[in-house]
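This report concerns only the one structure given below.
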Amino acid sequence: MYRKHSFFRALWRHAVLLFFVVFALFPILWVISASFNPANTLVGQRLIPSNPSLDNYREIFTSEQYPIAVWIKNSVVIGLITSTLVVILTAFAAYAFSRFRFKGRRTGLFASLLIQVFPQMLAAVSIYLLVLSIGRLVPALGINTHAGLIMVYLGGAMGVNAWLMKGYFDTIPSSLEESAMIDGASPFQAFYMIILPLARPILAVIFLLQFIGTYSELILASVLISSSEKYTLAVGLQLFIHDQYASRWGVFAAASVLGALPIVLLFMFLQKYLVTGLTTGAVKG
């Protein structure tokens with residue numbers, strides 16, 4: 001009787017798990033199917049297209065009106081640069097908040113976190129005017145430049161990331177740095193050679209989260225970037241929504257599939273660090 005009860009309980013759990021797996025995978029499979037549908041429309045769309053074709057993918061790399069390959073490259077470059085700089089700046093800030101005791105420390109932490117409460121889209125007009133003013137002094141950081149967009153992303157990435165990384169730094173014993181400095185290492189060498197290698201999981205987590213957020217960001221990129229050749233993927237795909245969306249569904253789906261590959265590859269590369277980085281940094285802080 002007990003074995004029969006255990007069997008049905010396990011069967012119920014597996015059924016629920018299978019339901020959620022199908023629920024999560026079905027939209028992905030539907031988009032992949034649409035990307036191979038040469039009809040380029042939602043009408044009559046099936047999970048397995050009757051006459052699959054690579055025409056939609058060819059158009060991604062050959063279309064002059066919609067340079068999707070260029071948009072993907074722009075998004076990847078902006079995402080990698082932004083994520084790298086965010087990790088560097090956040091590491092310095094979090095280390096200072098974790099190891100040093102100074103006046104205004106807690107106030108600074110809470111203030112940086114409070115700023116994150118307000119969505120950036122509410123400040124889009126102010127950010128536009130600020131970047132416009134900066135561009136008059138430094139044109140390379142002005143409107144319609146990737147450098148200006150990266151600068152804006154850096155300004156809004158410190159709060160939560162600093163809290164998360166500080167919590168991880170708090171779990172690393174300070175005696176390790178003290179031992180290194182006794183052996184002749186400078187404070188920066190102890191930070192660079194001892195702390196950062198031990199903090200690789202949280203560095204990977206913040207890098208991945210920032211890359212995903214930057215890669216898929218739409219509001220600020222659409223406000224600050226105006227040239228088609230400088231669009232990010234999220235901004236460029238808007239053209240398919242505003243311009244005959246129903247008849248461009250196949251290309252839209254193909255671009256979405258290719259656009260998701262950088263995130264998938266980065267996630268697979270950093271996967272071994274993610275669980276440790278998220279759980280350890282969230283427990284103490």
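Chain lettering (A, B, ...) mirrors the order of the structure tokens, residue numbering begins at 1 for each chain separately, and ligand numbering begins at 1 in order of display.
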Could you tell me, as a PyMOL selection string, which residues of region 138-209 of chain A DSSP assigns to alpha helix (DSSP H) when given the backbone?
-> chain A and resi 146-155+159-169+175-182+187-190+196-198+200-209
What are the closest atom pairs, with distances in Å to one decimal, for each residue of region 81-151 of chain A lying within 7 Å of region 159-167 of chain A, using only C-alpha atoms, rows by chain and rising residue number, as a tab-separated table?
```
residue	atom	partner	partner_atom	distance
A:Thr90	CA	A:Ala162	CA	5.4
A:Ala93	CA	A:Ala162	CA	6.5
A:Ala94	CA	A:Lys166	CA	4.6
A:Tyr95	CA	A:Lys166	CA	6.5
A:Phe97	CA	A:Lys166	CA	6.7
A:Ser98	CA	A:Lys166	CA	5.5
A:Ser112	CA	A:Gly159	CA	4.6
A:Leu113	CA	A:Gly159	CA	4.6
A:Gln116	CA	A:Gly159	CA	6.2
```
Shell of 8 Å around Thr82 (chain A), only C-alpha atoms, local chain residues under 4 positions omitted, as a PDB file with C-alpha atoms, in the first residue's frame:
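Now in result.pdb:
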```pdb
ATOM      1  CA  ILE A  78      27.333  47.010 -26.349  1.00  0.00           C
ATOM      2  CA  VAL A  86      29.834  47.119 -14.742  1.00  0.00           C
ATOM      3  CA  ILE A 150      26.928  52.558 -22.676  1.00  0.00           C
ATOM      4  CA  TYR A 153      23.717  51.932 -18.857  1.00  0.00           C
ATOM      5  CA  LEU A 154      26.691  52.199 -16.515  1.00  0.00           C
ATOM      6  CA  GLN A 210      23.860  42.817 -16.894  1.00  0.00           C
ATOM      7  CA  PHE A 211      24.417  41.403 -20.376  1.00  0.00           C
ATOM      8  CA  THR A 214      21.535  45.497 -21.711  1.00  0.00           C
TER       9      THR A 214
END
```
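Proximity of A:Ile194, A:Ile212, A:Val125, A:Val70 to Pro262 (chain A), computed with only C-alpha atoms, is greatest for A:Ile212.
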Do a neighbour search on Ala254 (chain A) at 7 Å with only C-alpha atoms, toss out local chain neighbours closer than 2 positions, and write the hits as an MDAnalysis selection string.
-> chainID A and resid 35 56:57 250:252 256:258
Residue contacts of region 132-142 of chain A (12 Å, only C-alpha atoms) excluding same-chain residues fewer than 3 positions away, as a short mmCIF file (atom, residue, chain, number, x, y, z; two decimals) with C-alpha atoms, in the first residue's frame:
```
data_model
loop_
_atom_site.label_atom_id
_atom_site.label_comp_id
_atom_site.auth_asym_id
_atom_site.auth_seq_id
_atom_site.Cartn_x
_atom_site.Cartn_y
_atom_site.Cartn_z
CA VAL A 125 13.51 62.69 -21.12
CA SER A 126 16.02 63.83 -18.49
CA ILE A 127 18.56 61.28 -19.67
CA TYR A 128 18.10 62.40 -23.27
CA LEU A 129 18.69 66.06 -22.36
CA THR A 145 26.50 57.04 -30.24
CA HIS A 146 27.07 53.65 -28.70
CA ALA A 147 29.50 55.18 -26.20
CA GLY A 148 26.77 57.51 -24.92
CA LEU A 149 24.34 54.61 -24.59
CA ILE A 150 26.93 52.56 -22.68
CA MET A 151 27.57 55.50 -20.37
CA VAL A 152 23.85 55.67 -19.53
CA VAL A 223 15.48 57.25 -27.34
CA LEU A 224 19.24 57.71 -27.70
CA ILE A 225 19.91 55.91 -31.00
CA SER A 226 18.42 57.24 -34.23
#
```
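In this model, the gap between CA of Phe207 (chain A) and CA of Ala234 (chain A) comes to 19.4 Å.
The closest residue to Leu265 (chain A), picked from A:Val87, A:Val235, A:Ile219, A:Val76 and counting only C-alpha atoms, is A:Val76.
Proximity of A:Ser228, A:Leu237, A:Ala157, A:Phe110 to Trp249 (chain A), computed with only C-alpha atoms, is greatest for A:Leu237.
Residues in contact with Trp71 (chain A) at up to 10 Å, not including ones fewer than 3 positions away on its chain and judged by only C-alpha atoms, are Tyr66, Pro67, Ile68, Asn74, Ser75, Val76, Val77, Ser228, Glu229, Lys230, Tyr231, Thr232, Leu233, Ala234, Val235, Gly236, Leu237, Ala255 and Gly259 of chain A.
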Among the residues A:Leu196, A:Ala185, A:Leu89, A:Ala180, the one that comes closest to Gly156 (chain A) [using only C-alpha atoms] = A:Leu89
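Of the residues under consideration (A:Ala15, A:Val131, A:Leu47, A:Ile202), A:Leu47 shows the shortest atom-to-atom contact distance to Ile28 (chain A) when counting only C-alpha atoms.
With only C-alpha atoms as the atoms that count, the residue of A:Phe169, A:Phe100, A:Phe19, A:Tyr215 with the shortest distance to Ala199 (chain A) is A:Phe169.
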